[in-house]
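To start, the structure itself, in structure tokens.
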Amino acid sequence: MLSILCLGVLFASTGCNGDLAAPVKIDVYYETLCPDSKHFLLTQLKPTYHKLKDILEITLIPYGKATEKKEANGSYTFTCQHGINECYGNVIQACAIKHINDFDVYSQFIFCMEEVISTVGPEKAARNCSATKSLPIDDILTCATGNEGMRLQHDSAIQQGSLNPKINWVPWVVINNIHTDRIKEESAKNLLGLVCETYQGTQPAACNN
């Protein structure tokens, strides 16, 4: 019986058969009012997803360098690097992810928010960006101001706390469950190229342009 050994690159998708390769998995830990996060989301992630969505599996975690404190009553309070508006923006986007549950839709909502949040604030940005898309904005804001949003942020804190190496920069980009200095540097300037390099299937046309 002939055995065939499939050798992969450091952070390869799975599969010897390129046609059956798994999508490239990208996890992004970010902050809603962080300039570097905004730049990455709008200039790297947004166009890369638009061109390569069929080979991508993306998870967004709006938390970043926030910290949490457990109160005597069992609830949690959060402190964010860029202040209370960032905490509110983070939880609004976490609630949008939960309540919309469709990356195509909630990513556009998040990209829209990032374009205006620093000038109009998180709630107005959320309302403006949901106005023409029939999104459940009332449910999202109820979530963001209640226990559901608190629990979502706590879940993000736990998820982020399990990272190895530990986060020391935002946006913190993890590709196929791996973060390296090279991933950090390349994702900030050429995420599309990094995804094309990582993907082990037949290269999409966008990778050859």
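Starting from 1 in every chain, residues are counted up; chains themselves are A, B, ... following the order of the structure tokens, and ligands are numbered from 1 as listed.
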>> Which residues are close to range 23-28 of chain A, i.e. within 9 Å by only C-alpha atoms, leaving aside same-chain residues fewer than 4 positions away? Reply as a PyMOL selection string.
In response: chain A and resi 12-14+54-62+170-177+195-196+198-201
> Counting only C-alpha atoms, what is within 10 Å of His154 in chain A, bar same-chain residues fewer than 3 positions away, as a ChimeraX atom specification?
Replying inline: /A:63,67-70,75-78,148-151,157-160
Residue selection dump (C-alpha atoms) as a PDB file, in the first residue's frame:
ATOM      1  CA  TYR A  63     -11.599  43.850  23.402  1.00  0.00           C
ATOM      2  CA  THR A  67      -9.077  44.970  31.664  1.00  0.00           C
ATOM      3  CA  GLU A  68     -11.899  43.596  33.768  1.00  0.00           C
ATOM      4  CA  LYS A  69     -12.687  43.723  37.464  1.00  0.00           C
ATOM      5  CA  LYS A  70     -15.059  41.355  39.216  1.00  0.00           C
ATOM      6  CA  SER A  75     -20.751  41.398  37.846  1.00  0.00           C
ATOM      7  CA  TYR A  76     -17.787  42.700  35.857  1.00  0.00           C
ATOM      8  CA  THR A  77     -16.670  46.217  35.054  1.00  0.00           C
ATOM      9  CA  PHE A  78     -14.229  47.065  32.277  1.00  0.00           C
ATOM     10  CA  GLU A 148     -25.675  40.164  28.017  1.00  0.00           C
ATOM     11  CA  GLY A 149     -23.068  42.637  26.827  1.00  0.00           C
ATOM     12  CA  MET A 150     -21.163  42.313  30.088  1.00  0.00           C
ATOM     13  CA  ARG A 151     -21.033  38.534  29.670  1.00  0.00           C
ATOM     14  CA  ALA A 157     -11.447  38.584  28.275  1.00  0.00           C
ATOM     15  CA  ILE A 158     -11.238  34.838  28.920  1.00  0.00           C
ATOM     16  CA  GLN A 159     -10.608  34.030  25.257  1.00  0.00           C
ATOM     17  CA  GLN A 160      -7.937  36.690  24.957  1.00  0.00           C
TER      18      GLN A 160
END
>> Considering only alpha helix (DSSP H) as DSSP defines it on the backbone, what residues of range 5-122 of chain A qualify? List them as a ChimeraX atom specification.
In response: /A:35-40,46-52,84-100,103-120,122
Can you write just those residues out, N, CA and C atoms, as a short mmCIF file (atom, residue, chain, number, x, y, z; two decimals), in the first residue's frame?
data_model
loop_
_atom_site.label_atom_id
_atom_site.label_comp_id
_atom_site.auth_asym_id
_atom_site.auth_seq_id
_atom_site.Cartn_x
_atom_site.Cartn_y
_atom_site.Cartn_z
N PRO A 35 -6.35 53.77 16.83
CA PRO A 35 -6.03 54.14 15.45
C PRO A 35 -5.43 53.00 14.64
N ASP A 36 -4.56 52.20 15.25
CA ASP A 36 -3.96 51.08 14.51
C ASP A 36 -5.00 50.00 14.19
N SER A 37 -5.94 49.79 15.10
CA SER A 37 -7.02 48.83 14.83
C SER A 37 -7.89 49.32 13.68
N LYS A 38 -8.26 50.59 13.74
CA LYS A 38 -9.07 51.18 12.67
C LYS A 38 -8.37 51.05 11.33
N HIS A 39 -7.08 51.38 11.29
CA HIS A 39 -6.32 51.31 10.03
C HIS A 39 -6.29 49.89 9.50
N PHE A 40 -6.07 48.92 10.37
CA PHE A 40 -6.03 47.53 9.93
C PHE A 40 -7.39 47.08 9.40
N LYS A 46 -10.80 44.72 5.44
CA LYS A 46 -11.96 44.96 4.58
C LYS A 46 -11.68 44.61 3.12
N PRO A 47 -10.62 45.15 2.50
CA PRO A 47 -10.38 44.78 1.10
C PRO A 47 -9.97 43.33 0.91
N THR A 48 -9.24 42.77 1.88
CA THR A 48 -8.84 41.36 1.77
C THR A 48 -10.05 40.45 1.81
N TYR A 49 -10.97 40.73 2.71
CA TYR A 49 -12.19 39.92 2.77
C TYR A 49 -13.01 40.07 1.50
N HIS A 50 -13.10 41.28 0.98
CA HIS A 50 -13.85 41.51 -0.25
C HIS A 50 -13.31 40.67 -1.39
N LYS A 51 -11.99 40.52 -1.47
CA LYS A 51 -11.37 39.82 -2.59
C LYS A 51 -11.23 38.31 -2.35
N LEU A 52 -11.12 37.90 -1.08
CA LEU A 52 -10.79 36.50 -0.80
C LEU A 52 -11.78 35.84 0.16
N ILE A 84 -13.94 55.36 28.23
CA ILE A 84 -15.27 54.76 28.36
C ILE A 84 -15.96 54.59 27.01
N ASN A 85 -15.73 55.52 26.08
CA ASN A 85 -16.36 55.38 24.76
C ASN A 85 -15.84 54.15 24.03
N GLU A 86 -14.58 53.82 24.25
CA GLU A 86 -14.05 52.62 23.61
C GLU A 86 -14.71 51.38 24.21
N CYS A 87 -14.88 51.36 25.54
CA CYS A 87 -15.57 50.23 26.16
C CYS A 87 -16.97 50.07 25.58
N TYR A 88 -17.67 51.19 25.40
CA TYR A 88 -19.02 51.13 24.85
C TYR A 88 -18.98 50.66 23.39
N GLY A 89 -18.04 51.18 22.63
CA GLY A 89 -17.90 50.73 21.25
C GLY A 89 -17.58 49.25 21.16
N ASN A 90 -16.69 48.77 22.04
CA ASN A 90 -16.34 47.35 22.04
C ASN A 90 -17.57 46.47 22.29
N VAL A 91 -18.36 46.85 23.29
CA VAL A 91 -19.50 45.99 23.64
C VAL A 91 -20.61 46.09 22.60
N ILE A 92 -20.78 47.26 21.98
CA ILE A 92 -21.76 47.37 20.89
C ILE A 92 -21.38 46.42 19.76
N GLN A 93 -20.11 46.41 19.40
CA GLN A 93 -19.70 45.54 18.29
C GLN A 93 -19.77 44.07 18.68
N ALA A 94 -19.45 43.75 19.94
CA ALA A 94 -19.60 42.35 20.39
C ALA A 94 -21.06 41.92 20.32
N CYS A 95 -21.96 42.81 20.70
CA CYS A 95 -23.39 42.50 20.64
C CYS A 95 -23.88 42.40 19.19
N ALA A 96 -23.34 43.23 18.32
CA ALA A 96 -23.70 43.14 16.90
C ALA A 96 -23.30 41.80 16.33
N ILE A 97 -22.09 41.35 16.67
CA ILE A 97 -21.62 40.05 16.21
C ILE A 97 -22.57 38.95 16.68
N LYS A 98 -22.98 39.04 17.93
CA LYS A 98 -23.87 38.00 18.49
C LYS A 98 -25.26 38.05 17.85
N HIS A 99 -25.83 39.23 17.72
CA HIS A 99 -27.23 39.34 17.30
C HIS A 99 -27.41 39.28 15.79
N ILE A 100 -26.43 39.69 15.03
CA ILE A 100 -26.55 39.61 13.57
C ILE A 100 -26.15 38.22 13.08
N PHE A 103 -21.31 37.11 9.16
CA PHE A 103 -20.10 37.92 9.02
C PHE A 103 -20.24 38.94 7.90
N ASP A 104 -20.83 38.54 6.78
CA ASP A 104 -21.01 39.49 5.68
C ASP A 104 -21.72 40.76 6.14
N VAL A 105 -22.70 40.59 7.02
CA VAL A 105 -23.51 41.73 7.46
C VAL A 105 -22.84 42.48 8.59
N TYR A 106 -22.44 41.77 9.64
CA TYR A 106 -21.91 42.51 10.80
C TYR A 106 -20.53 43.09 10.53
N SER A 107 -19.77 42.51 9.61
CA SER A 107 -18.46 43.12 9.29
C SER A 107 -18.66 44.48 8.62
N GLN A 108 -19.67 44.59 7.75
CA GLN A 108 -19.93 45.88 7.11
C GLN A 108 -20.40 46.91 8.14
N PHE A 109 -21.18 46.47 9.10
CA PHE A 109 -21.61 47.34 10.18
C PHE A 109 -20.40 47.83 10.98
N ILE A 110 -19.49 46.92 11.30
CA ILE A 110 -18.30 47.27 12.07
C ILE A 110 -17.38 48.18 11.27
N PHE A 111 -17.17 47.88 9.99
CA PHE A 111 -16.34 48.76 9.16
C PHE A 111 -16.93 50.17 9.11
N CYS A 112 -18.24 50.24 8.96
CA CYS A 112 -18.93 51.53 8.93
C CYS A 112 -18.73 52.27 10.25
N MET A 113 -18.91 51.58 11.36
CA MET A 113 -18.71 52.22 12.66
C MET A 113 -17.30 52.76 12.81
N GLU A 114 -16.32 51.98 12.36
CA GLU A 114 -14.92 52.41 12.52
C GLU A 114 -14.61 53.69 11.73
N GLU A 115 -15.34 53.91 10.67
CA GLU A 115 -15.10 55.12 9.87
C GLU A 115 -15.53 56.38 10.59
N VAL A 116 -16.50 56.28 11.52
CA VAL A 116 -17.08 57.49 12.11
C VAL A 116 -17.07 57.54 13.63
N ILE A 117 -16.72 56.44 14.30
CA ILE A 117 -16.87 56.36 15.75
C ILE A 117 -16.05 57.41 16.49
N SER A 118 -14.88 57.74 15.98
CA SER A 118 -14.04 58.69 16.71
C SER A 118 -14.57 60.12 16.64
N THR A 119 -15.47 60.40 15.70
CA THR A 119 -16.01 61.75 15.57
C THR A 119 -17.43 61.88 16.13
N VAL A 120 -18.24 60.84 16.03
CA VAL A 120 -19.64 60.96 16.47
C VAL A 120 -19.94 60.15 17.72
N PRO A 122 -19.78 56.16 19.88
CA PRO A 122 -20.19 54.80 19.55
C PRO A 122 -21.68 54.59 19.28
#
>> Under the rule that only C-alpha atoms are counted, which of A:Gly121, A:Pro136, A:Gly146, A:Gly193 is the nearest residue to Thr32 in chain A?
In response: A:Gly121
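Between His179 in chain A and the candidates A:Ala125, A:His82, A:Tyr29, A:Ala22, the tightest atom-to-atom separation, counting only C-alpha atoms, involves A:Tyr29.
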> Which value, in Å to one decimal, gives the distance between CA of Leu192 in chain A and CA of Ala21 in chain A?
Replying inline: 17.3 Å
